[in-house]
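Undergrad: For reference, this is coords_3.txt, and it has compact mmCIF, C-alpha atoms.
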```
# COMPACT_ATOMS: atom_id res chain seq x y z
CA MET F 1 18.35 30.19 -62.27
CA PRO F 2 15.68 32.80 -61.57
CA ASP F 3 15.17 35.17 -64.43
CA ALA F 4 15.80 38.75 -63.29
CA THR F 5 14.62 40.33 -66.53
CA THR F 6 11.39 42.28 -66.42
CA ARG F 7 8.42 41.13 -68.48
CA THR F 8 4.93 42.58 -68.64
CA ILE F 9 1.78 40.71 -67.71
CA GLU F 10 -1.84 41.78 -67.89
CA ILE F 11 -3.76 41.66 -64.61
CA GLU F 12 -7.53 41.86 -64.82
CA CYS F 13 -9.09 43.01 -61.55
CA PHE F 14 -12.65 42.83 -60.31
CA ARG F 15 -13.71 46.36 -59.39
CA TYR F 16 -16.76 47.30 -57.36
CA ASP F 17 -17.55 50.24 -55.15
CA PRO F 18 -21.10 49.82 -53.84
CA GLU F 19 -21.32 53.58 -53.16
CA THR F 20 -20.81 54.60 -56.78
CA ASP F 21 -21.13 51.50 -59.02
CA ALA F 22 -24.43 49.97 -60.06
CA LYS F 23 -22.66 46.70 -60.78
CA PRO F 24 -19.15 45.23 -60.73
CA ARG F 25 -16.77 45.67 -63.68
CA PHE F 26 -13.35 44.41 -64.68
CA GLN F 27 -10.32 46.61 -65.21
CA ARG F 28 -7.06 45.56 -66.90
CA TYR F 29 -3.59 46.74 -65.97
CA GLN F 30 -0.22 46.18 -67.65
CA VAL F 31 2.15 45.19 -64.86
CA PRO F 32 5.93 44.78 -65.20
CA PHE F 33 7.15 41.80 -63.18
CA THR F 34 10.21 39.74 -62.39
CA ASP F 35 10.31 36.00 -61.76
CA ASP F 36 10.13 36.32 -57.98
CA MET F 37 6.93 38.42 -57.90
CA SER F 38 3.72 37.06 -56.43
CA VAL F 39 0.23 38.01 -57.62
CA LEU F 40 -0.03 40.08 -54.42
CA GLN F 41 3.08 42.03 -55.44
CA GLY F 42 1.46 42.58 -58.83
CA LEU F 43 -1.59 44.09 -57.08
CA GLN F 44 0.70 46.22 -54.91
CA TYR F 45 2.44 47.48 -58.05
CA ILE F 46 -0.95 48.51 -59.44
CA LYS F 47 -1.88 50.33 -56.23
CA ASP F 48 1.51 52.09 -55.94
CA HIS F 49 2.04 53.03 -59.60
CA LEU F 50 -1.12 52.71 -61.68
CA ASP F 51 -4.31 53.07 -59.66
CA GLY F 52 -4.34 53.99 -55.98
CA SER F 53 -8.05 53.27 -55.69
CA LEU F 54 -7.68 49.47 -56.08
CA THR F 55 -8.63 47.95 -52.71
CA PHE F 56 -7.47 44.59 -51.35
CA ARG F 57 -6.42 43.00 -48.05
CA TRP F 58 -2.95 41.74 -47.26
CA SER F 59 -0.53 41.67 -44.40
CA CYS F 60 2.32 39.20 -43.94
CA ARG F 61 3.24 38.36 -47.58
CA MET F 62 4.32 34.85 -46.53
CA ALA F 63 1.24 32.63 -46.24
CA ILE F 64 0.96 33.01 -42.48
CA CYS F 65 -1.70 35.66 -41.84
CA GLY F 66 -4.43 34.45 -44.19
CA SER F 67 -5.59 37.93 -45.26
CA CYS F 68 -4.79 37.96 -48.98
CA GLY F 69 -7.01 35.15 -50.31
CA LYS F 70 -8.50 35.87 -53.76
CA MET F 71 -9.95 34.01 -56.69
CA ILE F 72 -7.01 33.82 -59.08
CA ASN F 73 -8.10 32.62 -62.51
CA GLY F 74 -11.12 31.11 -60.77
CA VAL F 75 -9.18 29.19 -58.12
CA PRO F 76 -9.22 30.25 -54.45
CA GLN F 77 -5.60 31.00 -53.55
CA LEU F 78 -3.48 33.17 -51.30
CA SER F 79 -2.25 35.91 -53.63
CA CYS F 80 1.11 35.92 -51.82
CA HIS F 81 1.44 32.21 -52.51
CA SER F 82 0.86 32.27 -56.27
CA PHE F 83 3.35 33.70 -58.75
CA LEU F 84 2.88 35.83 -61.85
CA ARG F 85 5.52 33.79 -63.75
CA ASP F 86 3.21 30.76 -63.62
CA TYR F 87 0.49 32.63 -65.54
CA TYR F 88 2.64 34.50 -68.06
CA PRO F 89 2.13 35.03 -70.99
CA ARG F 90 -1.60 34.66 -70.34
CA ARG F 91 -3.61 37.21 -68.42
CA VAL F 92 -4.26 36.85 -64.66
CA ARG F 93 -7.80 37.46 -63.52
CA VAL F 94 -8.17 38.42 -59.85
CA GLU F 95 -11.56 38.40 -58.13
CA PRO F 96 -12.76 38.53 -54.52
CA LEU F 97 -13.25 35.18 -52.76
CA ASN F 98 -16.39 33.38 -53.91
CA HIS F 99 -19.48 33.01 -51.71
CA PHE F 100 -18.90 36.15 -49.61
CA PRO F 101 -20.45 39.62 -49.86
CA VAL F 102 -18.08 42.17 -51.44
CA ILE F 103 -17.29 45.29 -49.43
CA ARG F 104 -15.21 46.89 -52.15
CA ASP F 105 -13.11 45.59 -55.08
CA LEU F 106 -11.27 42.50 -53.78
CA VAL F 107 -12.28 42.91 -50.12
CA ILE F 108 -14.96 40.59 -48.80
CA ASP F 109 -17.02 40.70 -45.62
CA GLN F 110 -15.96 37.75 -43.47
CA SER F 111 -18.23 38.49 -40.50
CA GLY F 112 -20.51 35.54 -41.38
CA PHE F 113 -17.53 33.23 -40.99
CA LEU F 114 -16.57 34.79 -37.66
CA ASP F 115 -20.09 34.05 -36.37
CA HIS F 116 -19.71 30.41 -37.45
CA LEU F 117 -16.27 30.21 -35.87
CA GLU F 118 -17.68 31.39 -32.55
CA THR F 119 -20.33 28.66 -32.50
CA VAL F 120 -17.78 25.81 -32.52
CA LYS F 121 -16.13 27.12 -29.33
CA PRO F 122 -12.60 26.94 -30.72
CA TYR F 123 -10.74 26.68 -27.42
CA LEU F 124 -9.91 23.95 -24.90
CA ILE F 125 -12.85 22.94 -22.72
CA PRO F 126 -11.40 20.80 -19.93
CA LYS F 127 -13.48 18.81 -17.48
CA GLU F 128 -11.66 20.47 -14.65
CA GLU F 129 -9.79 23.74 -14.85
CA GLN F 130 -6.06 23.03 -14.47
CA PRO F 131 -4.28 25.49 -12.14
CA LEU F 132 -1.00 26.90 -13.47
CA ALA F 133 0.73 25.26 -10.51
CA ALA F 134 -0.14 21.85 -11.98
CA GLY F 135 2.56 22.52 -14.58
CA PRO F 136 2.47 21.70 -18.28
CA GLN F 137 0.01 19.08 -19.54
CA ARG F 138 2.21 16.70 -21.45
CA GLN F 139 1.12 14.96 -24.64
CA THR F 140 2.59 12.02 -26.47
CA PRO F 141 3.55 12.52 -30.15
CA LEU F 142 0.55 10.34 -31.06
CA GLN F 143 -1.84 12.53 -29.04
CA MET F 144 -0.46 15.61 -30.77
CA ASP F 145 -0.70 13.97 -34.21
CA ARG F 146 -4.45 13.61 -33.75
CA TYR F 147 -5.07 17.36 -33.91
CA TYR F 148 -1.86 19.03 -35.11
CA GLN F 149 -2.74 19.47 -38.81
CA TYR F 150 -6.10 21.03 -37.91
CA SER F 151 -4.39 23.57 -35.66
CA GLN F 152 -2.54 24.92 -38.72
CA CYS F 153 -5.66 26.71 -40.01
CA ILE F 154 -5.05 30.43 -40.64
CA ASN F 155 -8.72 31.34 -41.29
CA CYS F 156 -7.94 32.47 -44.85
CA LEU F 157 -11.39 31.29 -46.05
CA LEU F 158 -10.12 29.65 -49.25
CA CYS F 159 -12.02 26.51 -48.21
CA TYR F 160 -15.28 28.47 -47.92
CA SER F 161 -14.81 29.78 -51.44
CA ALA F 162 -14.11 26.25 -52.63
CA CYS F 163 -17.16 24.75 -50.90
CA PRO F 164 -20.22 24.42 -53.17
CA GLN F 165 -22.43 23.70 -50.14
CA PHE F 166 -21.44 26.96 -48.44
CA GLY F 167 -22.16 28.67 -51.76
CA LEU F 168 -25.68 27.23 -51.74
CA ASN F 169 -26.31 27.82 -48.06
CA PRO F 170 -24.28 30.41 -46.07
CA ASP F 171 -25.81 29.05 -42.85
CA PHE F 172 -23.56 25.98 -43.24
CA THR F 173 -20.94 26.17 -40.47
CA GLY F 174 -18.37 25.41 -43.14
CA PRO F 175 -15.01 23.66 -43.56
CA ALA F 176 -12.58 25.79 -41.50
CA ALA F 177 -14.86 26.19 -38.48
CA LEU F 178 -15.67 22.46 -38.46
CA ALA F 179 -11.98 21.58 -38.87
CA LEU F 180 -11.30 23.72 -35.80
CA LEU F 181 -14.19 22.06 -33.97
CA HIS F 182 -12.43 18.77 -34.63
CA ARG F 183 -9.05 20.24 -33.68
CA TYR F 184 -10.35 20.70 -30.13
CA ASN F 185 -12.50 17.56 -30.00
CA ALA F 186 -9.40 15.55 -30.92
CA ASP F 187 -7.14 17.18 -28.32
CA SER F 188 -6.31 15.02 -25.29
CA ARG F 189 -6.67 18.09 -23.03
CA ASP F 190 -10.24 18.75 -24.16
CA GLN F 191 -13.50 17.20 -22.96
CA GLY F 192 -15.88 19.55 -24.75
CA TRP F 193 -18.02 17.26 -26.92
CA SER F 194 -21.24 18.30 -25.14
CA ALA F 195 -20.48 21.98 -25.59
CA ARG F 196 -19.99 21.45 -29.34
CA ARG F 197 -22.52 18.72 -30.02
CA GLU F 198 -25.44 20.98 -30.94
CA VAL F 199 -23.57 22.67 -33.78
CA THR F 200 -22.05 19.34 -34.88
CA ASN F 201 -25.36 17.48 -35.01
CA ALA F 202 -27.34 20.24 -36.72
CA GLU F 203 -28.28 20.24 -40.38
CA GLU F 204 -26.09 23.38 -40.67
CA GLY F 205 -23.27 21.49 -38.92
CA VAL F 206 -21.56 18.44 -40.36
CA TRP F 207 -24.71 17.31 -42.20
CA SER F 208 -24.60 20.06 -44.81
CA CYS F 209 -21.33 18.59 -46.13
CA THR F 210 -21.51 16.19 -49.07
CA LEU F 211 -17.78 15.41 -49.08
CA VAL F 212 -16.87 17.22 -52.28
CA GLY F 213 -13.34 17.57 -50.86
CA TYR F 214 -12.31 20.72 -52.75
CA CYS F 215 -11.81 22.46 -49.35
CA SER F 216 -8.93 20.13 -48.53
CA GLU F 217 -7.46 20.59 -52.00
CA VAL F 218 -7.23 24.39 -51.83
CA CYS F 219 -6.00 24.65 -48.22
CA PRO F 220 -2.55 26.34 -48.29
CA LYS F 221 -1.65 24.90 -44.87
CA GLY F 222 -2.27 21.21 -45.47
CA VAL F 223 -5.40 21.06 -43.30
CA ASP F 224 -7.94 18.40 -44.36
CA PRO F 225 -11.35 19.84 -43.38
CA ALA F 226 -13.24 17.20 -45.40
CA HIS F 227 -11.70 14.48 -43.24
CA ALA F 228 -12.42 16.40 -40.03
CA ILE F 229 -16.07 16.78 -41.03
CA ASN F 230 -16.45 13.13 -41.98
CA GLN F 231 -14.96 12.03 -38.65
CA ASN F 232 -17.58 14.13 -36.93
CA LYS F 233 -20.34 12.65 -39.09
CA VAL F 234 -19.34 9.37 -37.46
CA ASN F 235 -19.34 11.03 -34.01
CA SER F 236 -22.69 12.67 -34.70
CA THR F 237 -24.18 9.34 -35.83
CA LEU F 238 -22.90 7.55 -32.72
CA ASP F 239 -24.32 10.39 -30.62
CA TYR F 240 -27.69 10.15 -32.43
CA PHE F 241 -27.97 6.46 -31.56
CA GLY F 242 -26.82 7.13 -27.98
CA ILE F 243 -23.56 5.18 -28.29
CA LEU F 244 -21.03 8.00 -28.25
CA LYS F 245 -21.18 8.64 -24.50
CA PHE F 246 -19.73 5.18 -23.90
CA LEU F 247 -16.94 5.84 -26.38
CA LEU F 248 -15.64 9.25 -25.34
CA PRO F 249 -12.19 8.25 -24.12
CA ARG F 250 -11.68 11.19 -21.81
CA GLY F 251 -15.22 11.74 -20.57
CA ASP F 252 -17.20 14.89 -21.07
CA ALA F 253 -17.10 18.30 -19.37
CA LYS F 254 -20.79 18.77 -18.83
CA MET Z 1 -29.94 24.64 -33.66
CA LYS Z 2 -32.11 21.67 -34.43
CA GLY Z 3 -30.52 18.24 -34.45
CA SER Z 4 -30.57 16.55 -37.84
CA ASN Z 5 -32.07 13.13 -38.55
CA GLU Z 6 -29.45 12.65 -41.22
CA PRO Z 7 -27.51 10.03 -39.17
CA VAL Z 8 -30.22 7.44 -39.97
CA PHE Z 9 -29.97 7.98 -43.72
CA TRP Z 10 -26.23 8.51 -43.71
CA SER Z 11 -25.76 5.16 -41.94
CA LEU Z 12 -27.89 3.38 -44.55
CA PHE Z 13 -26.07 5.30 -47.30
CA GLY Z 14 -22.69 4.37 -45.83
CA ALA Z 15 -23.58 0.71 -45.41
CA GLY Z 16 -24.95 0.61 -48.96
CA GLY Z 17 -21.82 2.35 -50.23
CA VAL Z 18 -19.49 -0.18 -48.64
CA LEU Z 19 -21.59 -3.07 -49.91
CA SER Z 20 -21.93 -1.72 -53.45
CA ALA Z 21 -18.20 -1.02 -53.63
CA LEU Z 22 -17.39 -4.54 -52.41
CA ILE Z 23 -19.85 -6.64 -54.39
CA GLY Z 24 -21.47 -4.32 -56.95
CA PRO Z 25 -18.87 -4.86 -59.70
CA VAL Z 26 -18.88 -8.63 -59.16
CA LEU Z 27 -22.69 -8.75 -59.35
CA ILE Z 28 -22.58 -6.83 -62.63
CA LEU Z 29 -19.91 -9.18 -63.95
CA ILE Z 30 -21.91 -12.30 -63.02
CA THR Z 31 -25.45 -11.24 -63.90
CA GLY Z 32 -24.73 -8.81 -66.71
CA ILE Z 33 -21.70 -10.22 -68.54
CA ALA Z 34 -20.48 -13.69 -67.55
CA VAL Z 35 -23.79 -15.57 -67.52
CA PRO Z 36 -25.51 -13.91 -70.52
CA LEU Z 37 -22.36 -14.25 -72.65
CA GLY Z 38 -21.78 -17.78 -71.38
CA PHE Z 39 -18.21 -17.68 -70.14
CA LEU Z 40 -16.45 -18.27 -66.79
CA LEU Z 41 -19.63 -19.72 -65.21
CA PRO Z 42 -21.80 -22.76 -66.06
CA GLU Z 43 -24.69 -21.97 -68.39
CA ASP Z 44 -27.39 -22.83 -65.84
CA THR Z 45 -25.97 -20.58 -63.06
CA LEU Z 46 -29.00 -18.31 -63.20
CA SER Z 47 -31.50 -20.96 -64.25
CA HIS Z 48 -34.95 -20.81 -62.67
CA ALA Z 49 -34.28 -23.83 -60.46
CA ASN Z 50 -30.97 -22.42 -59.14
CA VAL Z 51 -32.33 -18.96 -58.46
CA LEU Z 52 -35.45 -20.39 -56.78
CA ALA Z 53 -33.29 -22.54 -54.51
CA PHE Z 54 -31.23 -19.46 -53.65
CA VAL Z 55 -34.32 -17.38 -52.89
CA GLN Z 56 -35.82 -20.14 -50.74
CA HIS Z 57 -32.74 -20.54 -48.56
CA PRO Z 58 -32.84 -18.29 -45.43
CA LEU Z 59 -29.30 -17.02 -46.08
CA GLY Z 60 -30.23 -16.34 -49.69
CA LYS Z 61 -33.26 -14.32 -48.54
CA LEU Z 62 -31.09 -12.34 -46.11
CA ALA Z 63 -28.46 -11.66 -48.80
CA LEU Z 64 -31.06 -10.46 -51.32
CA LEU Z 65 -32.86 -8.25 -48.83
CA THR Z 66 -29.60 -6.70 -47.62
CA VAL Z 67 -28.30 -6.03 -51.12
CA ILE Z 68 -31.56 -4.64 -52.50
CA ALA Z 69 -32.45 -2.49 -49.45
CA LEU Z 70 -29.00 -1.00 -48.88
CA PHE Z 71 -28.34 -0.39 -52.60
CA LEU Z 72 -31.72 1.37 -52.80
CA PHE Z 73 -31.03 3.61 -49.79
CA HIS Z 74 -27.53 4.33 -51.05
CA GLY Z 75 -28.73 5.30 -54.52
CA CYS Z 76 -31.68 7.37 -53.31
CA HIS Z 77 -29.55 9.29 -50.82
CA ARG Z 78 -26.95 10.00 -53.51
CA MET Z 79 -29.58 11.19 -56.00
CA LEU Z 80 -31.32 13.40 -53.42
CA HIS Z 81 -28.03 15.09 -52.52
CA SER Z 82 -26.97 15.39 -56.16
CA LEU Z 83 -30.21 17.23 -56.91
CA HIS Z 84 -29.33 19.64 -54.10
CA ASP Z 85 -25.82 20.01 -55.56
CA LEU Z 86 -27.34 20.88 -58.94
CA GLY Z 87 -29.26 23.72 -57.31
CA PHE Z 88 -32.70 22.12 -56.95
CA ARG Z 89 -34.51 22.95 -53.75
CA THR Z 90 -34.80 19.60 -51.99
CA GLY Z 91 -36.99 19.97 -48.93
CA THR Z 92 -38.88 17.47 -46.85
CA ARG Z 93 -41.10 16.49 -49.78
CA ALA Z 94 -38.17 15.41 -51.95
CA ALA Z 95 -36.69 13.51 -48.99
CA PHE Z 96 -40.01 11.73 -48.48
CA GLY Z 97 -40.10 10.87 -52.17
CA PHE Z 98 -36.62 9.40 -52.39
CA TYR Z 99 -36.43 7.67 -49.01
CA GLY Z 100 -40.07 6.62 -49.39
CA PHE Z 101 -39.16 4.91 -52.68
CA ALA Z 102 -36.27 3.10 -50.97
CA THR Z 103 -38.51 2.10 -48.06
CA LEU Z 104 -41.22 0.87 -50.42
CA GLY Z 105 -38.67 -1.17 -52.37
CA THR Z 106 -37.35 -2.66 -49.14
CA VAL Z 107 -40.81 -3.57 -47.82
CA MET Z 108 -41.88 -5.10 -51.15
CA THR Z 109 -38.69 -7.15 -51.32
CA ALA Z 110 -39.22 -8.39 -47.78
CA LEU Z 111 -42.84 -9.36 -48.54
CA LEU Z 112 -41.91 -11.17 -51.75
CA LEU Z 113 -39.12 -13.03 -49.96
CA LEU Z 114 -41.56 -14.04 -47.21
CA ILE Z 115 -44.10 -15.37 -49.73
CA TRP Z 116 -41.57 -17.47 -51.64
```
Can you dump the structure from the file as structure tokens?
TA:
Amino acid sequence: MPDATTRTIEIECFRYDPETDAKPRFQRYQVPFTDDMSVLQGLQYIKDHLDGSLTFRWSCRMAICGSCGKMINGVPQLSCHSFLRDYYPRRVRVEPLNHFPVIRDLVIDQSGFLDHLETVKPYLIPKEEQPLAAGPQRQTPLQMDRYYQYSQCINCLLCYSACPQFGLNPDFTGPAALALLHRYNADSRDQGWSARREVTNAEEGVWSCTLVGYCSEVCPKGVDPAHAINQNKVNSTLDYFGILKFLLPRGDAK
Amino acid sequence: MKGSNEPVFWSLFGAGGVLSALIGPVLILITGIAVPLGFLLPEDTLSHANVLAFVQHPLGKLALLTVIALFLFHGCHRMLHSLHDLGFRTGTRAAFGFYGFATLGTVMTALLLLIW
């Protein structure tokens, strides 16, 4: 039975306004909560009742939009997907996602990621453009299985915060973008290896990954970027030794 | 973006990883525990005569070269990347050092095996 009684938890928030603050600080708030309240709802309570200046991103409240990712007690999580009851009676510490520049308080600048995402050409690249009149392109359940989990990415960037290699080198294309690269490479309607090979084969592509695997652990949508990257290390190696072109099952749109 | 030469080293690392996972523990058991402590295997398993015969057989030479070279490349690759993980700047010089050591070990092993 959910407990409807109200308890009080302490939420410690990272605060930083680059226009007025020389350096970041932490601020604590006493927040009343019920069993069904997420960390995001705790932050909303602070903004509505305690401190209107606290700044954070959110939208859907149901782990679909990917806007509300934060470091919660040091772990990258969607704040709508983690619950205050699981931390009580201890304090909850909320910080902006690791490895990204902070715009203000809990809001990070994700433009670096968007640049990476663009480089992997995350859309179908067919050998020949299919006219609408050709009707739907059917896939077998097996063909869909090959890419389906990767298509569940919501670009929430938890995997980038989890990735120590991205932390060391922000030029690394990173887990989500490379998982999406694989999502299209693995799609039976796509023949875009050549269009994506440069970013795959680069040092900043799959070769910056050392298979730590924390990206796959923190993903709230069950995507396995570490596996996607390792599969493309194999592809990149076959390409390096000139074998891949004989193995591409559907040819290449070049 | 520049293409990486990592596939060469990753292949050697991968091959060494598979090999070390498959036979590494058994090699430790035989050479480090069973023979020195004198159980499971006959006492003269690693006697000079036996080992010399093994080294002089072409298949023995191949097995030794494969194990030593791939284990070396596997270990060096892992150490180089671990240094990077620990925050050390590992540029071309470090790569030359580690892979150079593995290459040197491989070449020396091959020469020794040829002489014997």
Undergrad: Between F:Pro164, F:Pro96, F:Gln41, F:Asp105, which residue has the minimum interatomic distance to Thr20 of chain F, considering all atoms listed in the file?
TA: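 Looking at the shortest contact to Thr20 of chain F, the residue is F:Asp105.
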Undergrad: When distances are computed from only C-alpha atoms, which of F:Asn235, F:Thr5, F:Ala228, F:Asn98 shows the smallest separation from Ser11 of chain Z?
TA: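 With only C-alpha atoms as the atom set, the closest residue is F:Asn235.
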Undergrad: Find the residues of chain Z in contact range of chain F, meaning any atom within 12 Å when counting all atoms listed in the file, and list them as a PyMOL selection string.
TA: chain Z and resi 1-14+77-90
Undergrad: Might I get the box with edges along x, y and z of the file that holds all atoms of segment 84-97 of chain F listed there, padded by 5 Å on every side, given as centre and edge lengths in Å to one decimal, as AutoDock Vina command-line options?
TA:
```
--center_x -3.9 --center_y 34.6 --center_z -61.9 --size_x 28.8 --size_y 17.8 --size_z 28.2
```
Undergrad: Could you check how far atom CA of Asn73 of chain F sits from atom CA of Gln152 of chain F, in Å to one decimal?
TA: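 That distance, rounded to one decimal, is 25.6 Å.
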Undergrad: Nearest residue to Ile11 of chain F out of F:Pro89, F:Gly69, F:Gly213, F:Gly222, using all atoms listed in the file?
TA: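 Answer, going by the shortest atom-to-atom distance: F:Pro89.
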Undergrad: Which of these, F:Tyr184, F:Tyr45, F:Phe33, F:Phe246, has the shortest distance to Tyr148 of chain F once you count all atoms listed in the file?
TA: F:Tyr184
Undergrad: Dump as a list in words all residues having an atom at most 9 Å from (-8.3, 34.4, -52.0), computed in the file's coordinates with all atoms listed in the file.
TA: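 So the residues meeting the distance criterion are Gly66, Ser67, Cys68, Gly69, Lys70, Met71, Ile72, Val75, Pro76, Gln77, Leu78, Ser79, Val94, Glu95, Pro96, Leu97, Asn98, Leu106, Cys156, Leu157, Leu158 and Ser161 of chain F.
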Undergrad: Suppose you want the space between atom CA of Glu129 of chain F and atom CA of Arg196 of chain F; what is it in Å?
TA: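 Calculated distance between atom CA of Glu129 of chain F and atom CA of Arg196 of chain F is 17.9 Å.
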Undergrad: Which value, in Å to one decimal, gives the distance between atom CA of Gly17 of chain Z and atom CA of His74 of chain Z?
TA: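 Interatomic distance, atom CA of Gly17 of chain Z to atom CA of His74 of chain Z: 6.1 Å.
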Undergrad: Counting only C-alpha atoms, note down every residue that has an atom within 12 Å of the point (-21.3, 35.8, -38.3) (file coordinates), as a PyMOL selection string.
TA: chain F and resi 100+109-119+170-174+177
